Amino acid sequence: MEIRTIGHDSEEYRRVVALRSAILRQPLGLAYSAADLAAERDQLHLAGFIGAAPVATIILQPLPEGLGKLRQMAVSEAGQRKGLGTRLLQAAEELARTLGLTRLMLHARESALPFYEKAGYATVGARFTEVGLPHWRMEKPLTEA
Ligand SMILES: CC(C)(COP(=O)(O)OP(=O)(O)OC[C@H]1O[C@@H](n2cnc3c(N)ncnc32)[C@H](O)[C@@H]1OP(=O)(O)O)[C@@H](O)C(=O)NCCC(=O)NCCS
């Protein structure tokens, strides 16, 4: 898997949105709106490719005071549990460090808690609902790699 940042208006971005849709939205009977996608224009899109096909995706949204939010983490069904998600998450953390961010947060689906816990993220606060699913806020301080 080759990891690279992709532009918001690129063909690669459209392929990545199709992957995100298949993994994160269609199983819930949901779809991205044009407004959803326009709102992430200024966020940083990272994806892992095998050939031309994206197999893993994540978004980094820099926020004030050294905080970064990770969003839309998804690995293709065939690619799951092979370490690809871990590699992409590490690449997103590295990108965050180079931007000078000092901590990361995310909204984790409850089903993905073991994945993020293994990567050093800890839950903060109480369980809440997003896209109809139980979620937890998780955070991780970014130390020097
Ligand atoms: C969650 C997800 C991003 C993890 O990516 P991945 O490439 O499958 O994960 P990895 O192979 O790097 O897993 C690393 C470790 O995380 C844990 N883990 C990953 N997926 C897990 C799961 N479904 N259940 C329990 N533990 C899991 C395991 O400890 C795993 O190590 P192991 O395979 O040696 O046991 C991916 O499975 C996915 O896209 N799932 C569906 C969408 C989703 O839930 N996205 C997250 C939204 S917050």
# chains A, B, ... in the order shown; residues from 1 in each chain; ligands from 1

$ residues_near_ligand --ligand "ligand 1" --cutoff "6 Å" --atoms "only C-alpha atoms and all ligand atoms" --output "PyMOL selection string"
chain A and resi 23-24+73-75+80-86+108-109+112+114-115+118

$ write_last_selection --atoms "C-alpha atoms" --output "mmCIF file, in the first residue's frame"
data_model
loop_
_atom_site.group_PDB
_atom_site.id
_atom_site.type_symbol
_atom_site.label_atom_id
_atom_site.label_comp_id
_atom_site.auth_asym_id
_atom_site.auth_seq_id
_atom_site.Cartn_x
_atom_site.Cartn_y
_atom_site.Cartn_z
ATOM 1 C CA ILE A 23 -17.630 1.348 4.149
ATOM 2 C CA LEU A 24 -19.029 4.177 6.296
ATOM 3 C CA MET A 73 -11.132 6.417 8.858
ATOM 4 C CA ALA A 74 -12.024 3.458 6.669
ATOM 5 C CA VAL A 75 -10.303 0.422 5.193
ATOM 6 C CA GLN A 80 -9.284 -5.002 6.933
ATOM 7 C CA ARG A 81 -7.273 -6.692 9.721
ATOM 8 C CA LYS A 82 -4.061 -6.683 7.695
ATOM 9 C CA GLY A 83 -2.389 -3.753 9.408
ATOM 10 C CA LEU A 84 -3.328 -1.208 6.699
ATOM 11 C CA GLY A 85 -5.433 0.921 9.047
ATOM 12 C CA THR A 86 -2.599 1.053 11.569
ATOM 13 C CA ALA A 108 -14.694 6.448 17.369
ATOM 14 C CA ARG A 109 -17.442 4.042 16.566
ATOM 15 C CA ALA A 112 -13.548 0.407 16.444
ATOM 16 C CA PRO A 114 -10.020 -1.810 20.237
ATOM 17 C CA PHE A 115 -8.307 -0.558 17.062
ATOM 18 C CA LYS A 118 -4.136 -0.423 20.452
#

$ closest_atom_pairs --of "segment 21-116 of chain A" --to "segment 3-14 of chain A" --cutoff "9 Å" --atoms "only C-alpha atoms" --output "JSON lines"
{"residue": "A:Leu37", "atom": "CA", "partner": "A:His8", "partner_atom": "CA", "distance": 8.8}
{"residue": "A:Ala38", "atom": "CA", "partner": "A:His8", "partner_atom": "CA", "distance": 8.9}
{"residue": "A:Glu40", "atom": "CA", "partner": "A:His8", "partner_atom": "CA", "distance": 8.0}
{"residue": "A:Arg41", "atom": "CA", "partner": "A:His8", "partner_atom": "CA", "distance": 5.8}
{"residue": "A:Asp42", "atom": "CA", "partner": "A:His8", "partner_atom": "CA", "distance": 8.0}
{"residue": "A:Gln43", "atom": "CA", "partner": "A:His8", "partner_atom": "CA", "distance": 8.4}
{"residue": "A:Leu44", "atom": "CA", "partner": "A:Thr5", "partner_atom": "CA", "distance": 7.1}
{"residue": "A:His45", "atom": "CA", "partner": "A:Thr5", "partner_atom": "CA", "distance": 5.5}
{"residue": "A:Leu46", "atom": "CA", "partner": "A:Thr5", "partner_atom": "CA", "distance": 4.3}
{"residue": "A:Ala47", "atom": "CA", "partner": "A:Ile3", "partner_atom": "CA", "distance": 5.6}
{"residue": "A:Gly48", "atom": "CA", "partner": "A:Ile3", "partner_atom": "CA", "distance": 4.2}
{"residue": "A:Phe49", "atom": "CA", "partner": "A:Ile3", "partner_atom": "CA", "distance": 6.3}
{"residue": "A:Ala52", "atom": "CA", "partner": "A:Glu12", "partner_atom": "CA", "distance": 8.2}
{"residue": "A:Ala53", "atom": "CA", "partner": "A:Glu12", "partner_atom": "CA", "distance": 8.5}
{"residue": "A:Pro54", "atom": "CA", "partner": "A:Glu12", "partner_atom": "CA", "distance": 7.9}
{"residue": "A:Ala56", "atom": "CA", "partner": "A:Ile3", "partner_atom": "CA", "distance": 8.7}
{"residue": "A:Arg87", "atom": "CA", "partner": "A:Ile3", "partner_atom": "CA", "distance": 8.7}
{"residue": "A:Leu88", "atom": "CA", "partner": "A:Ile3", "partner_atom": "CA", "distance": 7.1}
{"residue": "A:Ala91", "atom": "CA", "partner": "A:Ile3", "partner_atom": "CA", "distance": 7.7}

$ atom_distance --atom1 "atom CA of Gly68 of chain A" --atom2 "atom CA of Met1 of chain A"
24.3 Å

$ closest_residue --among "A:Val17, A:Ala78, A:Gly51, A:Ala119" --to "Ala34 of chain A" --atoms "only C-alpha atoms"
A:Val17

$ residues_around --residues "Ser21 of chain A" --least-positions-apart "3" --cutoff "10 Å" --atoms "only C-alpha atoms" --output "PDB file with C-alpha atoms, in the first residue's frame"
ATOM      1  CA  ARG A  15     -12.399   7.272  -5.689  1.00  0.00           C
ATOM      2  CA  VAL A  16     -11.727   7.745  -1.985  1.00  0.00           C
ATOM      3  CA  VAL A  17     -15.224   9.152  -1.417  1.00  0.00           C
ATOM      4  CA  ALA A  18     -16.619   6.030  -3.132  1.00  0.00           C
ATOM      5  CA  LEU A  24     -19.029   4.177   6.296  1.00  0.00           C
ATOM      6  CA  ARG A  25     -22.354   5.284   4.784  1.00  0.00           C
ATOM      7  CA  GLN A  26     -24.102   2.704   2.551  1.00  0.00           C
ATOM      8  CA  PRO A  27     -24.290   0.034   5.307  1.00  0.00           C
ATOM      9  CA  LEU A  28     -26.249   2.598   7.359  1.00  0.00           C
ATOM     10  CA  LEU A  30     -26.854   7.015   4.370  1.00  0.00           C
ATOM     11  CA  ALA A  31     -25.046   9.034   1.684  1.00  0.00           C
ATOM     12  CA  TYR A  32     -22.751  12.065   1.592  1.00  0.00           C
ATOM     13  CA  GLN A  72     -13.576   9.275   8.168  1.00  0.00           C
ATOM     14  CA  ALA A  74     -12.024   3.458   6.669  1.00  0.00           C
TER      15      ALA A  74
END

$ closest_residue --among "A:Met138, A:Ile58, A:Ala96, A:Leu89" --to "Gly125 of chain A" --atoms "only C-alpha atoms"
A:Met138

$ residues_around --residues "Val124 of chain A" --least-positions-apart "5" --cutoff "9 Å" --atoms "only C-alpha atoms" --output "PyMOL selection string"
chain A and resi 136-139

$ select_by_dssp --residues "segment 10-129 of chain A" --states "strand (DSSP E or B)" --output "PDB file with N, CA and C atoms, in the first residue's frame"
ATOM      1  N   LEU A  44      -7.201  17.836   5.343  1.00  0.00           N
ATOM      2  CA  LEU A  44      -6.107  17.098   4.700  1.00  0.00           C
ATOM      3  C   LEU A  44      -6.528  15.647   4.485  1.00  0.00           C
ATOM      4  N   HIS A  45      -6.487  15.227   3.236  1.00  0.00           N
ATOM      5  CA  HIS A  45      -6.977  13.903   2.867  1.00  0.00           C
ATOM      6  C   HIS A  45      -5.796  12.984   2.602  1.00  0.00           C
ATOM      7  N   LEU A  46      -5.729  11.907   3.365  1.00  0.00           N
ATOM      8  CA  LEU A  46      -4.669  10.918   3.197  1.00  0.00           C
ATOM      9  C   LEU A  46      -5.316   9.612   2.768  1.00  0.00           C
ATOM     10  N   ALA A  47      -4.663   8.904   1.854  1.00  0.00           N
ATOM     11  CA  ALA A  47      -5.224   7.613   1.450  1.00  0.00           C
ATOM     12  C   ALA A  47      -4.105   6.647   1.109  1.00  0.00           C
ATOM     13  N   GLY A  48      -4.384   5.365   1.297  1.00  0.00           N
ATOM     14  CA  GLY A  48      -3.471   4.294   0.917  1.00  0.00           C
ATOM     15  C   GLY A  48      -3.998   3.640  -0.349  1.00  0.00           C
ATOM     16  N   PHE A  49      -3.109   3.485  -1.340  1.00  0.00           N
ATOM     17  CA  PHE A  49      -3.508   2.924  -2.634  1.00  0.00           C
ATOM     18  C   PHE A  49      -2.760   1.622  -2.899  1.00  0.00           C
ATOM     19  N   ILE A  50      -3.454   0.700  -3.531  1.00  0.00           N
ATOM     20  CA  ILE A  50      -2.802  -0.447  -4.157  1.00  0.00           C
ATOM     21  C   ILE A  50      -3.110  -0.294  -5.645  1.00  0.00           C
ATOM     22  N   ALA A  53      -6.303   1.853  -6.976  1.00  0.00           N
ATOM     23  CA  ALA A  53      -7.471   1.688  -6.102  1.00  0.00           C
ATOM     24  C   ALA A  53      -7.159   2.087  -4.667  1.00  0.00           C
ATOM     25  N   PRO A  54      -7.932   3.010  -4.098  1.00  0.00           N
ATOM     26  CA  PRO A  54      -7.742   3.328  -2.684  1.00  0.00           C
ATOM     27  C   PRO A  54      -8.248   2.167  -1.822  1.00  0.00           C
ATOM     28  N   VAL A  55      -7.460   1.810  -0.799  1.00  0.00           N
ATOM     29  CA  VAL A  55      -7.863   0.725   0.098  1.00  0.00           C
ATOM     30  C   VAL A  55      -8.016   1.212   1.544  1.00  0.00           C
ATOM     31  N   ALA A  56      -7.531   2.430   1.821  1.00  0.00           N
ATOM     32  CA  ALA A  56      -7.640   2.961   3.184  1.00  0.00           C
ATOM     33  C   ALA A  56      -7.684   4.474   3.110  1.00  0.00           C
ATOM     34  N   THR A  57      -8.455   5.089   3.999  1.00  0.00           N
ATOM     35  CA  THR A  57      -8.623   6.536   3.928  1.00  0.00           C
ATOM     36  C   THR A  57      -8.790   7.150   5.310  1.00  0.00           C
ATOM     37  N   ILE A  58      -8.316   8.396   5.449  1.00  0.00           N
ATOM     38  CA  ILE A  58      -8.473   9.148   6.704  1.00  0.00           C
ATOM     39  C   ILE A  58      -8.361  10.643   6.372  1.00  0.00           C
ATOM     40  N   ILE A  59      -8.993  11.467   7.187  1.00  0.00           N
ATOM     41  CA  ILE A  59      -8.911  12.925   7.028  1.00  0.00           C
ATOM     42  C   ILE A  59      -8.353  13.520   8.311  1.00  0.00           C
ATOM     43  N   LEU A  60      -7.452  14.490   8.162  1.00  0.00           N
ATOM     44  CA  LEU A  60      -6.926  15.251   9.306  1.00  0.00           C
ATOM     45  C   LEU A  60      -7.429  16.689   9.188  1.00  0.00           C
ATOM     46  N   GLN A  61      -8.105  17.133  10.238  1.00  0.00           N
ATOM     47  CA  GLN A  61      -8.640  18.501  10.272  1.00  0.00           C
ATOM     48  C   GLN A  61      -7.917  19.273  11.378  1.00  0.00           C
ATOM     49  N   PRO A  62      -7.003  20.165  11.032  1.00  0.00           N
ATOM     50  CA  PRO A  62      -6.341  20.963  12.069  1.00  0.00           C
ATOM     51  C   PRO A  62      -7.338  21.909  12.737  1.00  0.00           C
ATOM     52  N   LEU A  67      -4.585  21.244  18.348  1.00  0.00           N
ATOM     53  CA  LEU A  67      -5.428  20.042  18.288  1.00  0.00           C
ATOM     54  C   LEU A  67      -5.692  19.670  16.832  1.00  0.00           C
ATOM     55  N   GLY A  68      -5.722  18.370  16.563  1.00  0.00           N
ATOM     56  CA  GLY A  68      -6.132  17.889  15.246  1.00  0.00           C
ATOM     57  C   GLY A  68      -7.257  16.892  15.412  1.00  0.00           C
ATOM     58  N   LYS A  69      -8.209  16.931  14.478  1.00  0.00           N
ATOM     59  CA  LYS A  69      -9.292  15.950  14.510  1.00  0.00           C
ATOM     60  C   LYS A  69      -9.108  14.968  13.359  1.00  0.00           C
ATOM     61  N   LEU A  70      -9.149  13.680  13.678  1.00  0.00           N
ATOM     62  CA  LEU A  70      -9.114  12.640  12.651  1.00  0.00           C
ATOM     63  C   LEU A  70     -10.542  12.241  12.327  1.00  0.00           C
ATOM     64  N   ARG A  71     -10.846  12.107  11.029  1.00  0.00           N
ATOM     65  CA  ARG A  71     -12.209  11.824  10.587  1.00  0.00           C
ATOM     66  C   ARG A  71     -12.193  10.749   9.503  1.00  0.00           C
ATOM     67  N   GLN A  72     -13.307  10.080   9.368  1.00  0.00           N
ATOM     68  CA  GLN A  72     -13.576   9.275   8.168  1.00  0.00           C
ATOM     69  C   GLN A  72     -12.533   8.175   7.924  1.00  0.00           C
ATOM     70  N   MET A  73     -12.085   7.532   9.004  1.00  0.00           N
ATOM     71  CA  MET A  73     -11.132   6.417   8.858  1.00  0.00           C
ATOM     72  C   MET A  73     -11.878   5.199   8.328  1.00  0.00           C
ATOM     73  N   ALA A  74     -11.387   4.661   7.234  1.00  0.00           N
ATOM     74  CA  ALA A  74     -12.024   3.458   6.669  1.00  0.00           C
ATOM     75  C   ALA A  74     -11.009   2.657   5.868  1.00  0.00           C
ATOM     76  N   VAL A  75     -11.123   1.350   5.977  1.00  0.00           N
ATOM     77  CA  VAL A  75     -10.303   0.422   5.193  1.00  0.00           C
ATOM     78  C   VAL A  75     -11.264  -0.451   4.393  1.00  0.00           C
ATOM     79  N   ARG A 103      -1.804  17.267  19.852  1.00  0.00           N
ATOM     80  CA  ARG A 103      -2.698  16.184  20.273  1.00  0.00           C
ATOM     81  C   ARG A 103      -3.775  15.978  19.231  1.00  0.00           C
ATOM     82  N   LEU A 104      -4.252  14.747  19.206  1.00  0.00           N
ATOM     83  CA  LEU A 104      -5.276  14.374  18.241  1.00  0.00           C
ATOM     84  C   LEU A 104      -6.524  13.912  18.974  1.00  0.00           C
ATOM     85  N   MET A 105      -7.695  14.159  18.367  1.00  0.00           N
ATOM     86  CA  MET A 105      -8.945  13.625  18.896  1.00  0.00           C
ATOM     87  C   MET A 105      -9.747  13.042  17.738  1.00  0.00           C
ATOM     88  N   LEU A 106     -10.677  12.189  18.075  1.00  0.00           N
ATOM     89  CA  LEU A 106     -11.556  11.606  17.057  1.00  0.00           C
ATOM     90  C   LEU A 106     -12.831  11.108  17.722  1.00  0.00           C
ATOM     91  N   HIS A 107     -13.833  10.873  16.908  1.00  0.00           N
ATOM     92  CA  HIS A 107     -15.070  10.236  17.360  1.00  0.00           C
ATOM     93  C   HIS A 107     -15.035   8.801  16.859  1.00  0.00           C
ATOM     94  N   ALA A 108     -14.841   7.857  17.761  1.00  0.00           N
ATOM     95  CA  ALA A 108     -14.694   6.448  17.369  1.00  0.00           C
ATOM     96  C   ALA A 108     -16.016   5.710  17.476  1.00  0.00           C
ATOM     97  N   ARG A 109     -16.334   4.983  16.424  1.00  0.00           N
ATOM     98  CA  ARG A 109     -17.442   4.042  16.566  1.00  0.00           C
ATOM     99  C   ARG A 109     -17.064   3.046  17.667  1.00  0.00           C
ATOM    100  N   ALA A 122      -7.214   7.064  24.017  1.00  0.00           N
ATOM    101  CA  ALA A 122      -7.987   6.775  25.229  1.00  0.00           C
ATOM    102  C   ALA A 122      -9.331   7.489  25.155  1.00  0.00           C
ATOM    103  N   THR A 123     -10.369   6.856  25.676  1.00  0.00           N
ATOM    104  CA  THR A 123     -11.694   7.479  25.658  1.00  0.00           C
ATOM    105  C   THR A 123     -11.740   8.636  26.654  1.00  0.00           C
ATOM    106  N   VAL A 124     -12.533   9.648  26.294  1.00  0.00           N
ATOM    107  CA  VAL A 124     -12.745  10.819  27.161  1.00  0.00           C
ATOM    108  C   VAL A 124     -14.250  11.061  27.210  1.00  0.00           C
ATOM    109  N   GLY A 125     -14.812  11.135  28.407  1.00  0.00           N
ATOM    110  CA  GLY A 125     -16.230  11.459  28.523  1.00  0.00           C
ATOM    111  C   GLY A 125     -17.131  10.257  28.295  1.00  0.00           C
ATOM    112  N   ALA A 126     -18.382  10.554  27.974  1.00  0.00           N
ATOM    113  CA  ALA A 126     -19.411   9.512  27.915  1.00  0.00           C
ATOM    114  C   ALA A 126     -19.744   9.147  26.469  1.00  0.00           C
ATOM    115  N   ARG A 127     -20.345   8.001  26.324  1.00  0.00           N
ATOM    116  CA  ARG A 127     -20.764   7.514  25.013  1.00  0.00           C
ATOM    117  C   ARG A 127     -21.840   8.433  24.426  1.00  0.00           C
ATOM    118  N   PHE A 128     -21.796   8.653  23.112  1.00  0.00           N
ATOM    119  CA  PHE A 128     -22.820   9.469  22.447  1.00  0.00           C
ATOM    120  C   PHE A 128     -23.182   8.813  21.115  1.00  0.00           C
ATOM    121  N   THR A 129     -24.218   9.348  20.481  1.00  0.00           N
ATOM    122  CA  THR A 129     -24.682   8.766  19.218  1.00  0.00           C
ATOM    123  C   THR A 129     -24.355   9.679  18.052  1.00  0.00           C
TER     124      THR A 129
END

$ select_by_dssp --residues "segment 1-143 of chain A" --states "helix (DSSP H, G or I)" --output "ChimeraX atom specification"
/A:11-28,34-38,77-79,84-98,110-118

$ atom_distance --atom1 "atom CA of Gly66 of chain A" --atom2 "atom CA of Glu94 of chain A"
14.0 Å

$ closest_residue --among "A:Glu65, A:Val131, A:Gly29, A:Lys140" --to "Tyr116 of chain A" --atoms "only C-alpha atoms"
A:Lys140

$ atom_distance --atom1 "atom CA of Glu2 of chain A" --atom2 "atom CA of Tyr121 of chain A"
24.3 Å

$ decode --residues "segment 18-53 of chain A" --atoms "C-alpha atoms" --output "compact mmCIF listing (two decimals), in the first residue's frame"
# COMPACT_ATOMS: atom_id res chain seq x y z
CA ALA A 18 -16.62 6.03 -3.13
CA LEU A 19 -14.62 3.86 -0.70
CA ARG A 20 -15.77 5.90 2.31
CA SER A 21 -19.33 5.69 1.07
CA ALA A 22 -19.16 1.89 0.68
CA ILE A 23 -17.63 1.35 4.15
CA LEU A 24 -19.03 4.18 6.30
CA ARG A 25 -22.35 5.28 4.78
CA GLN A 26 -24.10 2.70 2.55
CA PRO A 27 -24.29 0.03 5.31
CA LEU A 28 -26.25 2.60 7.36
CA GLY A 29 -28.53 3.59 4.48
CA LEU A 30 -26.85 7.01 4.37
CA ALA A 31 -25.05 9.03 1.68
CA TYR A 32 -22.75 12.06 1.59
CA SER A 33 -24.36 15.32 0.50
CA ALA A 34 -22.64 17.88 -1.70
CA ALA A 35 -22.49 20.11 1.41
CA ASP A 36 -20.74 17.34 3.43
CA LEU A 37 -18.02 17.09 0.80
CA ALA A 38 -17.69 20.85 0.24
CA ALA A 39 -17.18 21.31 4.00
CA GLU A 40 -14.03 19.19 3.94
CA ARG A 41 -12.37 21.19 1.14
CA ASP A 42 -9.73 22.63 3.48
CA GLN A 43 -9.04 19.42 5.39
CA LEU A 44 -6.11 17.10 4.70
CA HIS A 45 -6.98 13.90 2.87
CA LEU A 46 -4.67 10.92 3.20
CA ALA A 47 -5.22 7.61 1.45
CA GLY A 48 -3.47 4.29 0.92
CA PHE A 49 -3.51 2.92 -2.63
CA ILE A 50 -2.80 -0.45 -4.16
CA GLY A 51 -2.34 0.45 -7.82
CA ALA A 52 -5.02 3.01 -8.68
CA ALA A 53 -7.47 1.69 -6.10
